[in-house]
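The structure under discussion appears below in the form of structure tokens.
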Amino acid sequence: MEKERISGGKIPAPEAWQQAVKAALKGRPFESLFHVNEDGDRFTPLAGPVTDGPLILGRPADRAWQVSQKVFACERPTARTQMLDDLNGGAGALDLVLSDHPLFPGRGPAGLSQADYKTLFEPVMLDLIGLRLSGGQGVLESLDAFYQFASGSGFAAHDLAIGGCLDPAAAAFAARRPENATPDQKAALLLAERYGTEFTKARPLLSDGRIWHGYGARAAQELALVLAGFVDMVRSADDLGLDAAVICQRFEFALAADTDQLETIAKLRAIRPLAAQVLDALGVTDTPIPVHAETAWRMMTLYEQNVGMLRATVAAFGAAVGGADTVTVLPHSLAAGIPNALALRIARNTQTMLAEESNLHRVADPARGSGAIESRTTALMERAWDLFQSIEAAGGLARMLPKGDVDAWLLEAQAAREQRLAVRDVLLTGTTSFPSLNDAEPDVVDAQPAVQPDPFDRKTPAPRRLSESFEVLRAAANARDDGPPDVLLVPIGPPAAHSGRLTWARAAFEVGGLRVVVDAETASPGEAIGKSGAAIACLCGSDNDYAEQAATIVDALGQAGAKAVYIAGRPDRIEGSESWSADVIAVHDGLDILGVLQDLHKRLKI
């Protein structure tokens, strides 16, 4: 039956919808429309409403999340000006980054003293804002210095809100010193206990999914590791004779928000019932733990950074709808270095527009009842709980880290993800699709390109961005004295026959930082490659044209000095392709384009 829409139109019945879909698929199976996430869970394209889904209460309705802004290079004289701009521009919290941060190494000072805080916060009303410190194992000393500074600052200690600062287990993992996890947990707990009575709003203890996500974790793994880190802290608190309920009042969760919008919403929703289940097992009631969300570091790119604004908007939307209490949007130019005032303003305003113009905060749990999101939330919770139980069965996270099991999880997840990137099953606009070799130099305060020295080393977990392997090729091509090498595209046949593959080939070679030259006027391909000065050529045409002309053209190109000849298409569909020279390389969708480009760089001695 058809139902009336509010607007007066008709809602098609499911049967009618399926018939229309079947016609549009033209013989492809309906299952081809299913979405399969990284964990292998399959989700239908038409999920019906869920009428009995639980209300997942996070941030209260009609209360906007707090806008938190990261402060990089806070030892600079300009840092205080930046902080005031952030606060005057809509930020409600500041996050000071230290140099040993696992994801942003070298982007801040080694530590902060009482004198540093006095300089930074002299004009700031600390009792009106939130504060975080972000770093690695060195955070505790800077946190202690802040407590001492704040105690004599003239502000009432119970009015100062200090958010999650250190996840000892994640920091020990990132520093490759897993044996430090338990001692650092106890040190963090004792510091929180020492100042807890005075600083009643402080939640300095943290279980940080952003680090696990940056090191490659899938969504369910991130949730499981966050839960395990939290339980480990409670376990250490028990060893110290500290009250678990009090420790929970000083705790915060942090999760990464990325461009998979539905999964981000589901992940933010899933953490609360998972945490409630753990708290119930601990006998702790009426102590909800705040959730902080930050746009993902691994989705940031060095090239076409303006696309990063769109990625950040999608991620921040997911964090807001998922119910995050506080949100940080990383500036879009961060992969290139210390962001300037414009990038910081855009990061702030992204959140302001989502709240004030899109009104995303007006409803509690707005995703409730959506079949698409409820199914993902349930699947994530089940997978995360199973993984969490496996960590607990191994004795907890601190005991598991030295065994290398977590390393294996993250390396496997990274490898699977990077394989999908290599075959362009997952696309990164501006990097693996629609690259622009004329991209303007990033406008940053201090250029510090965040590319691993050897992004192809896959034996040790590292915080790799998705785009790094491709960016290395672009950077190497750009570093040549005479600029990137040229690739000659040889169109065969009329435009209608070659334009699609020519467009595809142009983008594929530009992904590797190579300049593309198209010569459709010179009659002889051999003369064209000599005229262009290119060492590489790629034929672009129809399968029928290849069958008739490819062999002759390939020979002509080889005699003219081409080091390698590529053909855009699948050779198994081209008559006579088995007779081509072994030096002919076919390139097409589904191929490991990263491997092809790496090989091409070797041929060109880039």
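Ordering of the structure tokens sets the chain letters (A, B, ...), residue numbers begin anew at 1 in every chain, and ligands are numbered from 1 in the order given.
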What's around segment 416-428 of chain A at 9 Å? Count only C-alpha atoms, leave out sequence neighbours fewer than 5 positions away in its own chain, and write the answer as an NGL selection string.
:A and (38 or 216 or 299 or 301 or 411 or 433-434 or 466-467 or 469-470 or 589-595)
Just the residues within 7 Å of His361 of chain A, please, counting only C-alpha atoms, with nothing from its chain fewer than 6 positions along; format it as a PyMOL selection string.
chain A and resi 61-64+355
Any chance you could list, as a ChimeraX atom specification, the residues in segment 292-398 of chain A that come up strand (DSSP E or B) when DSSP is run on the backbone?
/A:292-295,326-328,337-339
Judged by only C-alpha atoms, the minimum distance to Gly576 of chain A among A:Gln598, A:Asn544, A:Gln137, A:Ser151 is found for A:Asn544
Enumerate the residues of segment 183-234 of chain A with a DSSP assignment of helix (DSSP H, G or I), computed from the backbone, and present them as a ChimeraX atom specification.
/A:183-196,209-214,219-234
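The neighbours of Leu279 of chain A here are the residues that come within 10 Å of it, using only C-alpha atoms and leaving out any residue fewer than 3 positions away in the same chain; they are Val231, Ala244, Ala245, Cys248, Pro273, Leu274, Ala275, Ala276, Leu282, Gly283, Val284, Thr285, Asp286, Thr287, Pro288 and Ile289 of chain A.
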Those selected residues, please, written with all heavy atoms and delivered as a JSON list (two decimals), in the first residue's frame.
[["chain", "number", "residue", "atom", "x", "y", "z"],
["A", 231, "VAL", "N", 38.88, 0.22, 32.38],
["A", 231, "VAL", "CA", 38.85, -0.82, 33.41],
["A", 231, "VAL", "C", 40.23, -1.03, 34.03],
["A", 231, "VAL", "O", 40.35, -1.27, 35.23],
["A", 231, "VAL", "CB", 38.30, -2.14, 32.81],
["A", 231, "VAL", "CG1", 38.45, -3.29, 33.80],
["A", 231, "VAL", "CG2", 36.84, -1.97, 32.41],
["A", 244, "ALA", "N", 36.52, 3.41, 43.45],
["A", 244, "ALA", "CA", 36.21, 3.36, 42.02],
["A", 244, "ALA", "C", 35.20, 4.44, 41.64],
["A", 244, "ALA", "O", 35.31, 5.05, 40.56],
["A", 244, "ALA", "CB", 35.68, 1.98, 41.64],
["A", 245, "ALA", "N", 34.21, 4.68, 42.49],
["A", 245, "ALA", "CA", 33.19, 5.69, 42.18],
["A", 245, "ALA", "C", 33.81, 7.07, 42.06],
["A", 245, "ALA", "O", 33.44, 7.86, 41.18],
["A", 245, "ALA", "CB", 32.11, 5.68, 43.25],
["A", 248, "CYS", "N", 35.78, 7.34, 38.79],
["A", 248, "CYS", "CA", 34.90, 7.52, 37.64],
["A", 248, "CYS", "C", 34.46, 8.98, 37.50],
["A", 248, "CYS", "O", 34.22, 9.46, 36.39],
["A", 248, "CYS", "CB", 33.68, 6.62, 37.76],
["A", 248, "CYS", "SG", 34.07, 4.86, 37.59],
["A", 273, "PRO", "N", 26.16, 3.06, 26.30],
["A", 273, "PRO", "CA", 25.65, 1.82, 26.90],
["A", 273, "PRO", "C", 26.74, 0.82, 27.23],
["A", 273, "PRO", "O", 26.62, 0.07, 28.21],
["A", 273, "PRO", "CB", 24.69, 1.27, 25.83],
["A", 273, "PRO", "CG", 24.99, 2.01, 24.58],
["A", 273, "PRO", "CD", 25.56, 3.33, 24.98],
["A", 274, "LEU", "N", 27.83, 0.80, 26.47],
["A", 274, "LEU", "CA", 28.96, -0.08, 26.80],
["A", 274, "LEU", "C", 29.57, 0.33, 28.14],
["A", 274, "LEU", "O", 29.84, -0.50, 29.00],
["A", 274, "LEU", "CB", 30.02, -0.03, 25.70],
["A", 274, "LEU", "CG", 29.68, -0.74, 24.38],
["A", 274, "LEU", "CD1", 30.71, -0.40, 23.32],
["A", 274, "LEU", "CD2", 29.59, -2.24, 24.59],
["A", 275, "ALA", "N", 29.79, 1.64, 28.30],
["A", 275, "ALA", "CA", 30.35, 2.13, 29.56],
["A", 275, "ALA", "C", 29.39, 1.88, 30.71],
["A", 275, "ALA", "O", 29.81, 1.52, 31.83],
["A", 275, "ALA", "CB", 30.66, 3.62, 29.45],
["A", 276, "ALA", "N", 28.09, 2.05, 30.46],
["A", 276, "ALA", "CA", 27.10, 1.81, 31.51],
["A", 276, "ALA", "C", 27.13, 0.35, 31.96],
["A", 276, "ALA", "O", 26.97, 0.06, 33.16],
["A", 276, "ALA", "CB", 25.71, 2.17, 31.00],
["A", 282, "LEU", "N", 30.84, -2.68, 37.97],
["A", 282, "LEU", "CA", 31.68, -2.15, 39.05],
["A", 282, "LEU", "C", 30.86, -1.69, 40.25],
["A", 282, "LEU", "O", 31.43, -1.33, 41.29],
["A", 282, "LEU", "CB", 32.50, -0.96, 38.52],
["A", 282, "LEU", "CG", 33.55, -1.26, 37.44],
["A", 282, "LEU", "CD1", 34.12, 0.04, 36.89],
["A", 282, "LEU", "CD2", 34.67, -2.13, 38.01],
["A", 283, "GLY", "N", 29.55, -1.69, 40.10],
["A", 283, "GLY", "CA", 28.69, -1.23, 41.19],
["A", 283, "GLY", "C", 28.65, 0.28, 41.31],
["A", 283, "GLY", "O", 28.30, 0.81, 42.37],
["A", 284, "VAL", "N", 28.99, 0.98, 40.23],
["A", 284, "VAL", "CA", 28.99, 2.45, 40.23],
["A", 284, "VAL", "C", 27.73, 2.92, 39.49],
["A", 284, "VAL", "O", 27.51, 2.58, 38.33],
["A", 284, "VAL", "CB", 30.24, 3.00, 39.53],
["A", 284, "VAL", "CG1", 30.19, 4.53, 39.50],
["A", 284, "VAL", "CG2", 31.50, 2.52, 40.24],
["A", 285, "THR", "N", 26.92, 3.70, 40.15],
["A", 285, "THR", "CA", 25.66, 4.17, 39.57],
["A", 285, "THR", "C", 25.63, 5.69, 39.51],
["A", 285, "THR", "O", 26.33, 6.37, 40.27],
["A", 285, "THR", "CB", 24.46, 3.66, 40.36],
["A", 285, "THR", "OG1", 24.57, 4.13, 41.72],
["A", 285, "THR", "CG2", 24.41, 2.14, 40.35],
["A", 286, "ASP", "N", 24.80, 6.20, 38.62],
["A", 286, "ASP", "CA", 24.58, 7.64, 38.50],
["A", 286, "ASP", "C", 25.88, 8.42, 38.30],
["A", 286, "ASP", "O", 26.05, 9.53, 38.83],
["A", 286, "ASP", "CB", 23.85, 8.19, 39.74],
["A", 286, "ASP", "CG", 22.49, 7.54, 39.92],
["A", 286, "ASP", "OD1", 21.83, 7.29, 38.90],
["A", 286, "ASP", "OD2", 22.10, 7.27, 41.08],
["A", 287, "THR", "N", 26.81, 7.82, 37.55],
["A", 287, "THR", "CA", 28.08, 8.49, 37.27],
["A", 287, "THR", "C", 28.39, 8.40, 35.78],
["A", 287, "THR", "O", 29.31, 7.69, 35.36],
["A", 287, "THR", "CB", 29.24, 7.87, 38.09],
["A", 287, "THR", "OG1", 28.87, 7.80, 39.45],
["A", 287, "THR", "CG2", 30.51, 8.70, 37.97],
["A", 288, "PRO", "N", 27.61, 9.06, 34.92],
["A", 288, "PRO", "CA", 27.91, 9.01, 33.49],
["A", 288, "PRO", "C", 29.26, 9.67, 33.20],
["A", 288, "PRO", "O", 29.63, 10.67, 33.83],
["A", 288, "PRO", "CB", 26.76, 9.79, 32.85],
["A", 288, "PRO", "CG", 26.26, 10.69, 33.95],
["A", 288, "PRO", "CD", 26.46, 9.93, 35.23],
["A", 289, "ILE", "N", 29.99, 9.09, 32.29],
["A", 289, "ILE", "CA", 31.32, 9.59, 31.96],
["A", 289, "ILE", "C", 31.22, 10.42, 30.68],
["A", 289, "ILE", "O", 30.71, 9.94, 29.66],
["A", 289, "ILE", "CB", 32.31, 8.42, 31.78],
["A", 289, "ILE", "CG1", 32.47, 7.69, 33.13],
["A", 289, "ILE", "CG2", 33.66, 8.92, 31.29],
["A", 289, "ILE", "CD1", 33.36, 6.48, 33.08]]
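Checking A:Leu103, A:Cys540, A:Leu166, A:Ile338 one by one against Ala496 of chain A, counting only C-alpha atoms, you find the shortest gap at A:Cys540.
Distances here use only C-alpha atoms; by that measure, the residue among A:Thr259, A:Gln82, A:Gln18, A:Gln66 closest to Thr326 of chain A is A:Gln66.
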Ranking A:Ala551, A:Ala312, A:Ala237, A:Ala336 by minimum distance to Glu441 of chain A and counting only C-alpha atoms, which one comes first?
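Going through A:Ala551, A:Ala312, A:Ala237, A:Ala336 one by one, the smallest distance to Glu441 of chain A is for A:Ala336.
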For atom CA of Gly92 of chain A and atom CA of Gly130 of chain A, the interatomic separation in Å (one decimal):
6.3 Å
Record the distance separating atom CA of Glu548 of chain A and atom CA of Leu597 of chain A, expressed in Å with one decimal.
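So the two atoms, atom CA of Glu548 of chain A and atom CA of Leu597 of chain A, lie 27.7 Å apart.
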Which neighbours of Trp409 of chain A fall inside 10 Å, counting only C-alpha atoms, when residues of the same chain fewer than 6 positions from it are skipped, and could you give them as a PDB file with N, CA and C atoms, in the first residue's frame?
ATOM      1  N   GLY A 216      45.397   3.084  13.578  1.00  0.00           N
ATOM      2  CA  GLY A 216      44.785   2.165  12.639  1.00  0.00           C
ATOM      3  C   GLY A 216      43.582   1.395  13.118  1.00  0.00           C
ATOM      4  N   ALA A 217      43.152   1.577  14.359  1.00  0.00           N
ATOM      5  CA  ALA A 217      42.067   0.758  14.900  1.00  0.00           C
ATOM      6  C   ALA A 217      40.768   0.939  14.121  1.00  0.00           C
ATOM      7  N   ARG A 218      40.061  -0.173  13.941  1.00  0.00           N
ATOM      8  CA  ARG A 218      38.688  -0.110  13.444  1.00  0.00           C
ATOM      9  C   ARG A 218      37.792   0.402  14.563  1.00  0.00           C
ATOM     10  N   GLN A 221      37.374  -1.982  17.489  1.00  0.00           N
ATOM     11  CA  GLN A 221      38.627  -2.073  18.233  1.00  0.00           C
ATOM     12  C   GLN A 221      38.847  -0.828  19.086  1.00  0.00           C
ATOM     13  N   PRO A 461      53.504  -0.681  14.458  1.00  0.00           N
ATOM     14  CA  PRO A 461      52.365   0.247  14.433  1.00  0.00           C
ATOM     15  C   PRO A 461      52.837   1.698  14.471  1.00  0.00           C
TER      16      PRO A 461
END
Just give me the gap between atom CA of Phe173 of chain A and atom CA of Pro402 of chain A in Å, one decimal is fine.
8.7 Å
Which residues are near Ala110 of chain A? Cut-off 12 Å, only C-alpha atoms, ignore same chain within fewer than 6 positions. Put them as a PyMOL selection string.
chain A and resi 72-75+96-101+116+133-142
Fewer than 3 positions away in the same chain doesn't count, so skip those; otherwise give me all residues within 7 Å of Glu294 of chain A, counting only C-alpha atoms, as number ranges by chain.
A: 255-257, 327-329
Would you mind exporting N, CA, C and O atoms of the selected residues as a PDB file, in the first residue's frame?
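Printed below is selection.pdb as written:
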ATOM      1  N   LEU A 255      36.979   9.916  21.666  1.00  0.00           N
ATOM      2  CA  LEU A 255      36.848   9.093  20.473  1.00  0.00           C
ATOM      3  C   LEU A 255      37.138   9.935  19.229  1.00  0.00           C
ATOM      4  O   LEU A 255      36.978  11.159  19.243  1.00  0.00           O
ATOM      5  N   ALA A 256      37.573   9.251  18.177  1.00  0.00           N
ATOM      6  CA  ALA A 256      37.818   9.924  16.900  1.00  0.00           C
ATOM      7  C   ALA A 256      36.537   9.940  16.075  1.00  0.00           C
ATOM      8  O   ALA A 256      35.772   8.980  16.067  1.00  0.00           O
ATOM      9  N   ALA A 257      36.319  11.043  15.364  1.00  0.00           N
ATOM     10  CA  ALA A 257      35.182  11.167  14.439  1.00  0.00           C
ATOM     11  C   ALA A 257      35.754  11.309  13.033  1.00  0.00           C
ATOM     12  O   ALA A 257      36.607  12.173  12.800  1.00  0.00           O
ATOM     13  N   VAL A 327      33.675  18.779  21.476  1.00  0.00           N
ATOM     14  CA  VAL A 327      34.168  18.405  20.151  1.00  0.00           C
ATOM     15  C   VAL A 327      35.342  19.303  19.781  1.00  0.00           C
ATOM     16  O   VAL A 327      35.305  20.516  20.020  1.00  0.00           O
ATOM     17  N   THR A 328      36.371  18.697  19.198  1.00  0.00           N
ATOM     18  CA  THR A 328      37.485  19.446  18.617  1.00  0.00           C
ATOM     19  C   THR A 328      37.531  19.150  17.128  1.00  0.00           C
ATOM     20  O   THR A 328      37.500  17.988  16.718  1.00  0.00           O
ATOM     21  N   VAL A 329      37.605  20.194  16.320  1.00  0.00           N
ATOM     22  CA  VAL A 329      37.817  20.048  14.879  1.00  0.00           C
ATOM     23  C   VAL A 329      39.270  20.413  14.589  1.00  0.00           C
ATOM     24  O   VAL A 329      39.703  21.541  14.867  1.00  0.00           O
TER      25      VAL A 329
END
Nearby residues (only C-alpha atoms) at most 12 Å from Ser236 of chain A, same-chain spacing under 5 positions excluded, as a VMD selection string
chain A and resid 168 to 169 181 to 190 229 to 231 241 to 244 247 396 to 398
